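File shown: work_19.pdb (PDB, C-alpha atoms (C1' of nucleotides)).
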ATOM      1  CA  MET A  50     -38.280  79.624-119.453
ATOM      2  CA  SER A  51     -37.564  83.313-119.910
ATOM      3  CA  VAL A  52     -33.982  84.451-119.794
ATOM      4  CA  GLY A  53     -34.732  86.591-116.790
ATOM      5  CA  ASP A  54     -35.352  83.573-114.595
ATOM      6  CA  ILE A  55     -32.040  81.805-114.684
ATOM      7  CA  HIS A  56     -30.014  83.401-111.947
ATOM      8  CA  VAL A  57     -30.492  81.004-109.105
ATOM      9  CA  PRO A  58     -26.994  81.058-107.594
ATOM     10  CA  ALA A  59     -26.628  77.309-107.150
ATOM     11  CA  ASP A  60     -27.659  76.680-110.740
ATOM     12  CA  CYS A  61     -25.280  79.333-112.001
ATOM     13  CA  ARG A  62     -22.468  77.574-110.204
ATOM     14  CA  ARG A  63     -23.390  74.388-111.957
ATOM     15  CA  VAL A  64     -23.399  76.143-115.294
ATOM     16  CA  GLY A  65     -20.063  77.680-114.477
ATOM     17  CA  GLU A  66     -18.615  74.287-113.659
ATOM     18  CA  ILE A  67     -19.864  72.756-116.868
ATOM     19  CA  LEU A  68     -18.628  75.670-118.870
ATOM     20  CA  GLN A  69     -15.226  75.431-117.310
ATOM     21  CA  ARG A  70     -15.238  71.753-117.992
ATOM     22  CA  ILE A  71     -16.062  72.021-121.683
ATOM     23  CA  GLY A  72     -14.413  75.406-122.038
ATOM     24  CA  ASP A  73     -10.892  74.071-122.095
ATOM     25  CA  LYS A  74      -8.834  74.410-125.193
ATOM     26  CA  TRP A  75      -9.915  71.288-127.041
ATOM     27  CA  THR A  76     -13.019  69.630-125.610
ATOM     28  CA  VAL A  77     -15.601  71.331-127.776
ATOM     29  CA  LEU A  78     -13.505  70.918-130.868
ATOM     30  CA  VAL A  79     -13.253  67.202-130.213
ATOM     31  CA  VAL A  80     -16.943  66.860-129.449
ATOM     32  CA  VAL A  81     -18.130  68.608-132.578
ATOM     33  CA  THR A  82     -15.577  66.736-134.667
ATOM     34  CA  LEU A  83     -16.913  63.478-133.315
ATOM     35  CA  GLY A  84     -20.359  64.818-134.115
ATOM     36  CA  SER A  85     -19.995  63.503-137.657
ATOM     37  CA  GLY A  86     -19.513  59.939-136.485
ATOM     38  CA  PRO A  87     -17.055  57.535-134.822
ATOM     39  CA  MET A  88     -13.406  58.185-135.479
ATOM     40  CA  ARG A  89     -10.043  56.638-134.822
ATOM     41  CA  PHE A  90      -7.437  58.393-132.745
ATOM     42  CA  ASN A  91      -5.218  59.667-135.526
ATOM     43  CA  GLU A  92      -8.141  60.377-137.768
ATOM     44  CA  LEU A  93      -9.435  62.681-135.074
ATOM     45  CA  ARG A  94      -6.008  64.135-134.681
ATOM     46  CA  ARG A  95      -5.667  64.971-138.338
ATOM     47  CA  ALA A  96      -9.184  66.377-138.465
ATOM     48  CA  ILE A  97      -8.374  68.832-135.714
ATOM     49  CA  GLY A  98      -4.947  69.522-137.071
ATOM     50  CA  SER A  99      -3.082  71.467-134.459
ATOM     51  CA  ILE A 100      -3.716  69.393-131.352
ATOM     52  CA  SER A 101      -0.827  67.554-129.739
ATOM     53  CA  GLN A 102      -1.052  63.850-129.076
ATOM     54  CA  ARG A 103      -0.894  64.452-125.373
ATOM     55  CA  MET A 104      -3.757  66.907-125.340
ATOM     56  CA  LEU A 105      -5.934  64.732-127.537
ATOM     57  CA  THR A 106      -5.406  61.827-125.181
ATOM     58  CA  LEU A 107      -6.138  63.927-122.120
ATOM     59  CA  THR A 108      -9.210  65.461-123.690
ATOM     60  CA  LEU A 109     -10.588  62.103-124.779
ATOM     61  CA  ARG A 110      -9.955  60.604-121.339
ATOM     62  CA  GLY A 111     -11.852  63.450-119.763
ATOM     63  CA  LEU A 112     -14.752  63.031-122.133
ATOM     64  CA  GLU A 113     -14.794  59.310-121.531
ATOM     65  CA  ARG A 114     -14.754  59.856-117.806
ATOM     66  CA  ASP A 115     -17.741  62.150-118.035
ATOM     67  CA  GLY A 116     -19.662  59.655-120.135
ATOM     68  CA  LEU A 117     -19.638  61.831-123.236
ATOM     69  CA  VAL A 118     -17.655  59.519-125.485
ATOM     70  CA  THR A 119     -17.040  55.803-125.633
ATOM     71  CA  ARG A 120     -13.684  54.247-126.336
ATOM     72  CA  THR A 121     -13.588  50.989-128.249
ATOM     73  CA  VAL A 122     -10.369  49.058-128.635
ATOM     74  CA  PHE A 123     -10.019  46.560-131.471
ATOM     75  CA  PRO A 124      -7.341  44.042-130.471
ATOM     76  CA  THR A 125      -5.808  43.986-133.914
ATOM     77  CA  VAL A 126      -2.305  44.734-135.032
ATOM     78  CA  PRO A 127      -1.702  47.556-135.517
ATOM     79  CA  PRO A 128      -4.098  48.504-132.743
ATOM     80  CA  ARG A 129      -7.206  50.433-133.586
ATOM     81  CA  VAL A 130      -9.219  52.560-131.200
ATOM     82  CA  ASP A 131     -12.520  54.145-132.065
ATOM     83  CA  TYR A 132     -14.075  57.051-130.272
ATOM     84  CA  GLU A 133     -17.749  57.828-130.510
ATOM     85  CA  LEU A 134     -20.129  60.228-128.871
ATOM     86  CA  THR A 135     -22.573  58.743-126.410
ATOM     87  CA  GLU A 136     -26.162  59.864-126.350
ATOM     88  CA  LEU A 137     -25.170  62.333-123.661
ATOM     89  CA  GLY A 138     -22.422  63.617-125.912
ATOM     90  CA  ARG A 139     -24.702  63.965-128.900
ATOM     91  CA  ASP A 140     -27.160  65.743-126.689
ATOM     92  CA  LEU A 141     -24.514  68.289-125.925
ATOM     93  CA  LEU A 142     -24.177  69.155-129.587
ATOM     94  CA  GLY A 143     -27.444  71.064-129.479
ATOM     95  CA  PRO A 144     -26.526  73.652-126.824
ATOM     96  CA  VAL A 145     -23.016  73.898-128.211
ATOM     97  CA  ALA A 146     -24.395  74.567-131.655
ATOM     98  CA  ALA A 147     -26.536  77.329-130.159
ATOM     99  CA  LEU A 148     -23.461  78.901-128.675
ATOM    100  CA  GLY A 149     -21.599  78.400-131.922
ATOM    101  CA  ASP A 150     -24.386  80.136-133.712
ATOM    102  CA  TRP A 151     -24.104  83.073-131.360
ATOM    103  CA  ALA A 152     -20.360  83.106-131.925
ATOM    104  CA  ARG A 153     -20.718  83.149-135.676
ATOM    105  CA  ARG A 154     -23.387  85.823-135.597
ATOM    106  CA  HIS A 155     -21.522  88.145-133.283
ATOM    107  CA  GLY A 156     -17.869  87.260-133.706
ATOM    108  CA  GLU A 157     -17.224  90.223-135.918
ATOM    109  CA  ARG A 158     -18.959  92.553-133.496
ATOM    110  CA  ILE A 159     -16.802  91.313-130.655
ATOM    111  CA  ASP A 160     -13.656  91.834-132.691
ATOM    112  CA  ALA A 161     -14.775  95.367-133.451
ATOM    113  CA  ALA A 162     -15.534  96.081-129.799
ATOM    114  CA  ARG A 163     -12.095  94.817-128.878
ATOM    115  CA  ARG A 164     -10.340  96.963-131.435
ATOM    116  CA  ASP A 165     -12.335  99.913-130.242
ATOM    117  CA  PHE A 166     -11.579  99.279-126.583
ATOM    118  CA  ASP A 167      -7.901  98.687-127.213
ATOM    119  CA  GLY A 168      -7.750 101.803-129.336
ATOM    120  CA  ARG A 169      -9.268 103.917-126.559
ATOM    121  CA  CYS A 170      -6.890 102.528-123.950
ATOM    122  CA  GLY A 171      -3.539 101.360-125.241
ATOM    123  CA  GLY A 172      -3.728 103.893-128.061
ATOM    124  CA  SER A 173      -1.207 106.348-126.642
ATOM    125  CA  THR A 174       1.549 103.807-126.044
TER     126      THR A 174
ATOM    127  CA  MET B  33     -29.714  73.772-138.986
ATOM    128  CA  SER B  34     -29.340  70.140-138.009
ATOM    129  CA  VAL B  35     -26.711  69.235-135.489
ATOM    130  CA  GLY B  36     -24.956  67.089-138.051
ATOM    131  CA  ASP B  37     -23.970  70.095-140.122
ATOM    132  CA  ILE B  38     -21.845  72.073-137.754
ATOM    133  CA  HIS B  39     -18.387  70.688-138.149
ATOM    134  CA  VAL B  40     -16.808  73.114-140.545
ATOM    135  CA  PRO B  41     -13.308  73.335-139.063
ATOM    136  CA  ALA B  42     -13.002  77.121-139.213
ATOM    137  CA  ASP B  43     -16.331  77.544-137.480
ATOM    138  CA  CYS B  44     -15.408  75.043-134.817
ATOM    139  CA  ARG B  45     -12.288  77.039-134.098
ATOM    140  CA  ARG B  46     -14.409  80.091-133.630
ATOM    141  CA  VAL B  47     -16.700  78.251-131.274
ATOM    142  CA  GLY B  48     -13.707  76.969-129.396
ATOM    143  CA  GLU B  49     -12.328  80.478-129.023
ATOM    144  CA  ILE B  50     -15.611  81.842-127.752
ATOM    145  CA  LEU B  51     -16.002  78.964-125.363
ATOM    146  CA  GLN B  52     -12.552  79.467-123.999
ATOM    147  CA  ARG B  53     -13.293  83.127-123.673
ATOM    148  CA  ILE B  54     -16.506  82.708-121.702
ATOM    149  CA  GLY B  55     -15.400  79.422-120.176
ATOM    150  CA  ASP B  56     -13.063  80.963-117.661
ATOM    151  CA  LYS B  57     -13.829  80.710-114.011
ATOM    152  CA  TRP B  58     -16.095  83.713-113.578
ATOM    153  CA  THR B  59     -17.348  85.187-116.848
ATOM    154  CA  VAL B  60     -20.574  83.245-117.131
ATOM    155  CA  LEU B  61     -21.367  83.712-113.489
ATOM    156  CA  VAL B  62     -20.984  87.458-113.880
ATOM    157  CA  VAL B  63     -23.016  87.549-117.073
ATOM    158  CA  VAL B  64     -25.967  85.629-115.687
ATOM    159  CA  THR B  65     -25.828  87.613-112.465
ATOM    160  CA  LEU B  66     -26.012  90.815-114.470
ATOM    161  CA  GLY B  67     -28.882  89.196-116.337
ATOM    162  CA  SER B  68     -31.264  90.432-113.682
ATOM    163  CA  GLY B  69     -30.336  94.047-114.244
ATOM    164  CA  PRO B  70     -27.621  96.676-113.726
ATOM    165  CA  MET B  71     -25.492  96.283-110.648
ATOM    166  CA  ARG B  72     -22.818  98.094-108.741
ATOM    167  CA  PHE B  73     -19.389  96.612-108.235
ATOM    168  CA  ASN B  74     -19.750  95.415-104.678
ATOM    169  CA  GLU B  75     -23.348  94.434-105.191
ATOM    170  CA  LEU B  76     -22.142  92.109-107.918
ATOM    171  CA  ARG B  77     -19.391  90.909-105.687
ATOM    172  CA  ARG B  78     -21.728  89.997-102.872
ATOM    173  CA  ALA B  79     -24.162  88.355-105.289
ATOM    174  CA  ILE B  80     -21.440  86.028-106.533
ATOM    175  CA  GLY B  81     -19.991  85.544-103.117
ATOM    176  CA  SER B  82     -16.690  83.803-103.545
ATOM    177  CA  ILE B  83     -15.043  85.949-106.192
ATOM    178  CA  SER B  84     -12.033  88.047-105.278
ATOM    179  CA  GLN B  85     -11.975  91.733-106.002
ATOM    180  CA  ARG B  86      -9.163  91.289-108.436
ATOM    181  CA  MET B  87     -10.926  88.612-110.464
ATOM    182  CA  LEU B  88     -14.163  90.545-110.572
ATOM    183  CA  THR B  89     -12.321  93.558-111.922
ATOM    184  CA  LEU B  90     -10.473  91.510-114.519
ATOM    185  CA  THR B  91     -13.620  89.689-115.570
ATOM    186  CA  LEU B  92     -15.591  92.902-115.917
ATOM    187  CA  ARG B  93     -12.787  94.539-117.896
ATOM    188  CA  GLY B  94     -12.764  91.607-120.271
ATOM    189  CA  LEU B  95     -16.494  91.736-120.712
ATOM    190  CA  GLU B  96     -16.368  95.462-121.287
ATOM    191  CA  ARG B  97     -13.631  95.017-123.845
ATOM    192  CA  ASP B  98     -15.694  92.496-125.725
ATOM    193  CA  GLY B  99     -18.713  94.775-125.748
ATOM    194  CA  LEU B 100     -20.770  92.522-123.499
ATOM    195  CA  VAL B 101     -21.184  94.930-120.594
ATOM    196  CA  THR B 102     -21.125  98.672-120.176
ATOM    197  CA  ARG B 103     -19.424 100.458-117.347
ATOM    198  CA  THR B 104     -20.977 103.664-116.060
ATOM    199  CA  VAL B 105     -19.194 105.843-113.557
ATOM    200  CA  PHE B 106     -21.209 108.271-111.449
ATOM    201  CA  PRO B 107     -18.874 111.041-110.295
ATOM    202  CA  THR B 108     -20.307 111.104-106.807
ATOM    203  CA  VAL B 109     -18.657 110.586-103.482
ATOM    204  CA  PRO B 110     -18.365 107.833-102.596
ATOM    205  CA  PRO B 111     -17.908 106.749-106.199
ATOM    206  CA  ARG B 112     -20.521 104.556-107.791
ATOM    207  CA  VAL B 113     -19.987 102.360-110.831
ATOM    208  CA  ASP B 114     -22.762 100.480-112.531
ATOM    209  CA  TYR B 115     -22.313  97.516-114.773
ATOM    210  CA  GLU B 116     -24.981  96.458-117.216
ATOM    211  CA  LEU B 117     -25.280  93.928-119.978
ATOM    212  CA  THR B 118     -25.298  95.310-123.495
ATOM    213  CA  GLU B 119     -27.667  93.925-126.077
ATOM    214  CA  LEU B 120     -24.877  91.619-127.154
ATOM    215  CA  GLY B 121     -24.496  90.468-123.574
ATOM    216  CA  ARG B 122     -28.203  89.881-123.105
ATOM    217  CA  ASP B 123     -28.200  87.995-126.370
ATOM    218  CA  LEU B 124     -25.646  85.653-124.904
ATOM    219  CA  LEU B 125     -27.991  84.721-122.075
ATOM    220  CA  GLY B 126     -30.046  82.586-124.426
ATOM    221  CA  PRO B 127     -27.325  80.155-125.542
ATOM    222  CA  VAL B 128     -25.883  80.103-122.053
ATOM    223  CA  ALA B 129     -29.265  79.235-120.627
ATOM    224  CA  ALA B 130     -29.483  76.385-123.129
ATOM    225  CA  LEU B 131     -26.181  75.068-121.900
ATOM    226  CA  GLY B 132     -27.272  75.603-118.328
ATOM    227  CA  ASP B 133     -30.370  73.618-119.041
ATOM    228  CA  TRP B 134     -28.260  70.794-120.398
ATOM    229  CA  ALA B 135     -26.066  70.987-117.314
ATOM    230  CA  ARG B 136     -29.017  70.808-114.959
ATOM    231  CA  ARG B 137     -30.628  67.954-116.873
ATOM    232  CA  HIS B 138     -27.504  65.827-117.082
ATOM    233  CA  GLY B 139     -25.352  66.937-114.189
ATOM    234  CA  GLU B 140     -26.276  63.938-112.113
ATOM    235  CA  ARG B 141     -25.568  61.599-114.989
ATOM    236  CA  ILE B 142     -22.122  63.088-115.443
ATOM    237  CA  ASP B 143     -21.367  62.704-111.754
ATOM    238  CA  ALA B 144     -22.429  59.074-111.952
ATOM    239  CA  ALA B 145     -20.275  58.453-115.020
ATOM    240  CA  ARG B 146     -17.335  59.973-113.200
ATOM    241  CA  ARG B 147     -17.782  57.866-110.129
ATOM    242  CA  ASP B 148     -18.100  54.815-112.315
ATOM    243  CA  PHE B 149     -14.991  55.643-114.325
ATOM    244  CA  ASP B 150     -12.951  56.463-111.255
ATOM    245  CA  GLY B 151     -14.124  53.294-109.606
ATOM    246  CA  ARG B 152     -13.000  51.199-112.569
ATOM    247  CA  CYS B 153      -9.605  52.854-112.700
ATOM    248  CA  GLY B 154      -8.302  54.241-109.430
ATOM    249  CA  GLY B 155     -10.185  51.559-107.537
ATOM    250  CA  SER B 156      -7.110  49.651-106.429
ATOM    251  CA  THR B 157      -5.281  52.640-104.987
TER     252      THR B 157
ATOM    253  C1'  DC C 117      -1.042  52.882-134.348
ATOM    254  C1'  DC C 118      -2.016  54.384-129.774
ATOM    255  C1'  DG C 119      -0.743  55.880-126.056
ATOM    256  C1'  DT C 120       2.280  57.333-121.436
ATOM    257  C1'  DA C 121       5.971  59.983-118.930
ATOM    258  C1'  DT C 122       8.731  63.809-118.213
ATOM    259  C1'  DC C 123      10.161  68.376-118.531
ATOM    260  C1'  DC C 124       9.180  73.202-119.057
ATOM    261  C1'  DA C 125       7.154  77.783-120.208
ATOM    262  C1'  DA C 126       3.084  80.436-119.857
ATOM    263  C1'  DT C 127      -1.045  81.715-117.926
ATOM    264  C1'  DC C 128      -4.348  81.907-114.148
ATOM    265  C1'  DA C 129      -6.252  82.958-109.869
ATOM    266  C1'  DG C 130      -6.026  83.936-104.762
ATOM    267  C1'  DA C 131      -4.257  86.861-100.925
ATOM    268  C1'  DT C 132      -2.712  91.003 -99.436
ATOM    269  C1'  DA C 133      -1.664  95.767 -99.285
ATOM    270  C1'  DC C 134      -2.242 100.241-101.021
ATOM    271  C1'  DT C 135      -4.697 104.475-103.638
ATOM    272  C1'  DG C 136      -8.276 108.162-105.224
TER     273       DG C 136
ATOM    274  C1'  DC D  89     -16.727 102.474-102.812
ATOM    275  C1'  DA D  90     -14.041 100.964-106.511
ATOM    276  C1'  DG D  91     -10.280  99.920-107.992
ATOM    277  C1'  DT D  92      -4.640  98.889-108.908
ATOM    278  C1'  DA D  93      -0.076  96.585-107.838
ATOM    279  C1'  DT D  94       2.599  92.868-106.493
ATOM    280  C1'  DC D  95       3.753  88.402-105.035
ATOM    281  C1'  DT D  96       3.032  83.438-105.071
ATOM    282  C1'  DG D  97       1.162  78.802-105.740
ATOM    283  C1'  DA D  98      -1.523  76.087-108.900
ATOM    284  C1'  DT D  99      -2.925  74.700-113.356
ATOM    285  C1'  DT D 100      -2.465  74.495-118.282
ATOM    286  C1'  DG D 101      -0.618  73.044-122.512
ATOM    287  C1'  DG D 102       3.286  72.215-125.793
ATOM    288  C1'  DA D 103       7.568  69.413-127.108
ATOM    289  C1'  DT D 104       9.934  65.434-126.889
ATOM    290  C1'  DA D 105      11.147  60.783-126.046
ATOM    291  C1'  DC D 106       9.865  56.281-125.069
ATOM    292  C1'  DG D 107       6.741  51.803-124.555
ATOM    293  C1'  DG D 108       2.996  48.078-125.995
TER     294       DG D 108
END
Would you write the structure of this file as structure tokens?
Amino acid sequence: MSVGDIHVPADCRRVGEILQRIGDKWTVLVVVTLGSGPMRFNELRRAIGSISQRMLTLTLRGLERDGLVTRTVFPTVPPRVDYELTELGRDLLGPVAALGDWARRHGERIDAARRDFDGRCGGST
Amino acid sequence: MSVGDIHVPADCRRVGEILQRIGDKWTVLVVVTLGSGPMRFNELRRAIGSISQRMLTLTLRGLERDGLVTRTVFPTVPPRVDYELTELGRDLLGPVAALGDWARRHGERIDAARRDFDGRCGGST
DNA sequence: CCGTATCCAATCAGATACTG
DNA sequence: CAGTATCTGATTGGATACGG
């Protein structure tokens, strides 16, 4: 498909929805972190570093709800819970990596454009 | 690059930032709509349909700031302002299309997973 | 260890009214 | 036509404390 063919309104809505869904503060970070294999709750938490317990829980619940990760509880003591990407979740890694690639390639250019724009506008204040 | 190699924390942050940036309610919709060529303000507005004037303005400003669209004012009366994707913006269409493709392929599956999850949980309410 | 509940500040987005 | 300004409700996300 050529990039010129993708503007069917209904489809764009769908894309917008998905992007809003995975575009929250933590979802992608969690998904790509889980990309390296199953992980326990706190393991995941430490890997991400700055996420609060609440947000990690909420994010994981959302991902589970959407069928992107599985949650496995081991009835041991202390309790252990593993999270793992489903096939659907792993499948998402591809497109996300593409976007990540774009971000890495052009991140600096965006920063420059921002500095430029802000310089032209808020410069006199 | 294989999908297993993309979890360098710093890079993931970057991806997360970009995704939050373009993951707001309207940005992607505007970008893909502009994908078919330059458009005037109200033309864009009608094409999207449900967006408010305020949000379209804010979204376009953001995109302009990031160097993803250009804004061209024709000093005519009535005034005419054209918006057009920059090369950077057009370059973004590719990854976004990939994500859109994923969304279209798996949207139904996600809906099903949601119904299933909600049925298992909120079923008794 | 793995969550849930509550409170709270910040941001977002819609509606409306007004301007060049 | 193409914005800007202001007000308001909704949503988000962090901190903290507590429960299984």
field: Picked residues, the PyMOL selection byres ((chain A) within 7 of (chain B)), as JSON, numbers by chain
entry: {"A": [52, 53, 56, 61, 63, 64, 65, 67, 68, 69, 72, 73, 74, 77, 78, 81, 82, 84, 85, 114, 115, 116, 142, 143, 144, 146, 147, 148, 149, 152, 159, 162, 163, 166]}
Here's a check: after a least-squares fit over all in-order C-alpha atoms, write chain B in the frame of chain A, as a compact mmCIF listing (two decimals) with C-alpha atoms, in the frame of the given file.
# COMPACT_ATOMS: atom_id res chain seq x y z
CA MET B 33 -38.26 79.46 -119.42
CA SER B 34 -37.56 83.13 -119.94
CA VAL B 35 -33.99 84.30 -119.84
CA GLY B 36 -34.77 86.49 -116.86
CA ASP B 37 -35.36 83.50 -114.62
CA ILE B 38 -32.04 81.75 -114.68
CA HIS B 39 -30.03 83.37 -111.97
CA VAL B 40 -30.48 80.99 -109.09
CA PRO B 41 -26.98 81.06 -107.61
CA ALA B 42 -26.60 77.30 -107.17
CA ASP B 43 -27.64 76.70 -110.75
CA CYS B 44 -25.26 79.34 -112.02
CA ARG B 45 -22.44 77.59 -110.22
CA ARG B 46 -23.36 74.41 -111.97
CA VAL B 47 -23.39 76.16 -115.31
CA GLY B 48 -20.06 77.71 -114.51
CA GLU B 49 -18.58 74.32 -113.67
CA ILE B 50 -19.85 72.76 -116.87
CA LEU B 51 -18.61 75.68 -118.90
CA GLN B 52 -15.20 75.46 -117.36
CA ARG B 53 -15.22 71.77 -118.01
CA ILE B 54 -16.06 72.02 -121.70
CA GLY B 55 -14.44 75.42 -122.06
CA ASP B 56 -10.90 74.13 -122.09
CA LYS B 57 -8.83 74.44 -125.19
CA TRP B 58 -9.88 71.30 -127.02
CA THR B 59 -12.98 69.64 -125.61
CA VAL B 60 -15.56 71.33 -127.78
CA LEU B 61 -13.46 70.92 -130.87
CA VAL B 62 -13.21 67.20 -130.21
CA VAL B 63 -16.90 66.87 -129.45
CA VAL B 64 -18.09 68.62 -132.59
CA THR B 65 -15.54 66.75 -134.67
CA LEU B 66 -16.88 63.48 -133.31
CA GLY B 67 -20.32 64.83 -134.12
CA SER B 68 -19.98 63.51 -137.64
CA GLY B 69 -19.48 59.96 -136.47
CA PRO B 70 -17.04 57.55 -134.81
CA MET B 71 -13.38 58.18 -135.43
CA ARG B 72 -10.03 56.63 -134.78
CA PHE B 73 -7.40 58.36 -132.72
CA ASN B 74 -5.18 59.64 -135.49
CA GLU B 75 -8.11 60.35 -137.74
CA LEU B 76 -9.40 62.67 -135.05
CA ARG B 77 -5.98 64.13 -134.66
CA ARG B 78 -5.64 64.96 -138.33
CA ALA B 79 -9.18 66.35 -138.44
CA ILE B 80 -8.36 68.82 -135.69
CA GLY B 81 -4.93 69.51 -137.04
CA SER B 82 -3.08 71.47 -134.43
CA ILE B 83 -3.69 69.37 -131.34
CA SER B 84 -0.79 67.52 -129.75
CA GLN B 85 -1.01 63.83 -129.10
CA ARG B 86 -0.84 64.39 -125.40
CA MET B 87 -3.71 66.88 -125.33
CA LEU B 88 -5.89 64.71 -127.52
CA THR B 89 -5.37 61.80 -125.17
CA LEU B 90 -6.10 63.89 -122.10
CA THR B 91 -9.16 65.45 -123.68
CA LEU B 92 -10.55 62.10 -124.76
CA ARG B 93 -9.91 60.61 -121.32
CA GLY B 94 -11.81 63.46 -119.74
CA LEU B 95 -14.70 63.05 -122.11
CA GLU B 96 -14.76 59.33 -121.51
CA ARG B 97 -14.73 59.89 -117.78
CA ASP B 98 -17.69 62.20 -118.02
CA GLY B 99 -19.63 59.71 -120.11
CA LEU B 100 -19.60 61.88 -123.21
CA VAL B 101 -17.63 59.53 -125.46
CA THR B 102 -17.02 55.82 -125.60
CA ARG B 103 -13.69 54.25 -126.29
CA THR B 104 -13.61 50.98 -128.20
CA VAL B 105 -10.42 49.01 -128.60
CA PHE B 106 -10.13 46.51 -131.44
CA PRO B 107 -7.49 43.95 -130.48
CA THR B 108 -5.97 43.89 -133.94
CA VAL B 109 -2.48 44.63 -135.08
CA PRO B 110 -1.84 47.42 -135.57
CA PRO B 111 -4.19 48.43 -132.77
CA ARG B 112 -7.30 50.38 -133.60
CA VAL B 113 -9.26 52.51 -131.17
CA ASP B 114 -12.54 54.14 -132.04
CA TYR B 115 -14.05 57.05 -130.24
CA GLU B 116 -17.73 57.84 -130.49
CA LEU B 117 -20.10 60.26 -128.86
CA THR B 118 -22.54 58.77 -126.38
CA GLU B 119 -26.13 59.91 -126.33
CA LEU B 120 -25.14 62.37 -123.65
CA GLY B 121 -22.38 63.66 -125.90
CA ARG B 122 -24.66 63.99 -128.90
CA ASP B 123 -27.13 65.77 -126.69
CA LEU B 124 -24.48 68.33 -125.94
CA LEU B 125 -24.14 69.18 -129.62
CA GLY B 126 -27.40 71.09 -129.53
CA PRO B 127 -26.50 73.68 -126.87
CA VAL B 128 -23.00 73.94 -128.26
CA ALA B 129 -24.38 74.61 -131.71
CA ALA B 130 -26.53 77.35 -130.21
CA LEU B 131 -23.45 78.94 -128.73
CA GLY B 132 -21.61 78.44 -131.99
CA ASP B 133 -24.41 80.17 -133.77
CA TRP B 134 -24.12 83.10 -131.40
CA ALA B 135 -20.37 83.16 -131.96
CA ARG B 136 -20.74 83.20 -135.73
CA ARG B 137 -23.44 85.87 -135.64
CA HIS B 138 -21.57 88.21 -133.31
CA GLY B 139 -17.93 87.34 -133.75
CA GLU B 140 -17.29 90.33 -135.94
CA ARG B 141 -19.03 92.62 -133.50
CA ILE B 142 -16.87 91.37 -130.67
CA ASP B 143 -13.72 91.92 -132.71
CA ALA B 144 -14.86 95.46 -133.44
CA ALA B 145 -15.61 96.14 -129.78
CA ARG B 146 -12.16 94.89 -128.89
CA ARG B 147 -10.42 97.05 -131.41
CA ASP B 148 -12.43 100.00 -130.21
CA PHE B 149 -11.66 99.34 -126.55
CA ASP B 150 -7.98 98.76 -127.20
CA GLY B 151 -7.84 101.89 -129.28
CA ARG B 152 -9.34 103.96 -126.48
CA CYS B 153 -6.96 102.55 -123.90
CA GLY B 154 -3.61 101.36 -125.20
CA GLY B 155 -3.75 103.96 -127.95
CA SER B 156 -0.96 106.12 -126.57
CA THR B 157 1.56 103.31 -126.17
field: Ground truth for the PyMOL selection byres ((chain C) within 12 of (chain B)), written as a list in words
entry: DC128, DA129, DG130, DA131, DT132 and DG136 of chain C
Residue hits in chain D, query chain A, radius 12 Å, all atoms listed in the file, as a ChimeraX atom specification: /D:99-104,108
message: What's around Pro87 of chain A at 10 Å? Count only C-alpha atoms (C1' of nucleotides), leave out sequence neighbours fewer than 3 positions away in its own chain, and write the answer as a list in words.
response: Thr82, Leu83, Gly84, Phe90, Glu92, Leu93, Val118, Thr119, Arg120, Thr121, Val130, Asp131, Tyr132, Glu133 and Leu134 of chain A
Enclose chain D, meaning all of its atoms listed in the file, in a box aligned along x, y and z, pad it by 6 Å on each side, and list the centre and edge lengths in Å to one decimal, as AutoDock Vina command-line options.
--center_x -2.8 --center_y 75.3 --center_z -115.0 --size_x 39.9 --size_y 66.4 --size_z 36.3
Hits of the PyMOL selection byres ((chain D and resi 93) around 12) in this structure, as a ChimeraX atom specification: /B:86 /C:132-135 /D:91-92,94-95
message: Restricting the calculation to all atoms listed in the file: of A:Arg154, A:Leu105, A:Thr135, A:Phe123, which residue gets closest to DC117 of chain C?
response: A:Phe123
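Between atom CA of Arg129 of chain A and atom C1' of DC118 of chain C there is a distance of 7.6 Å.
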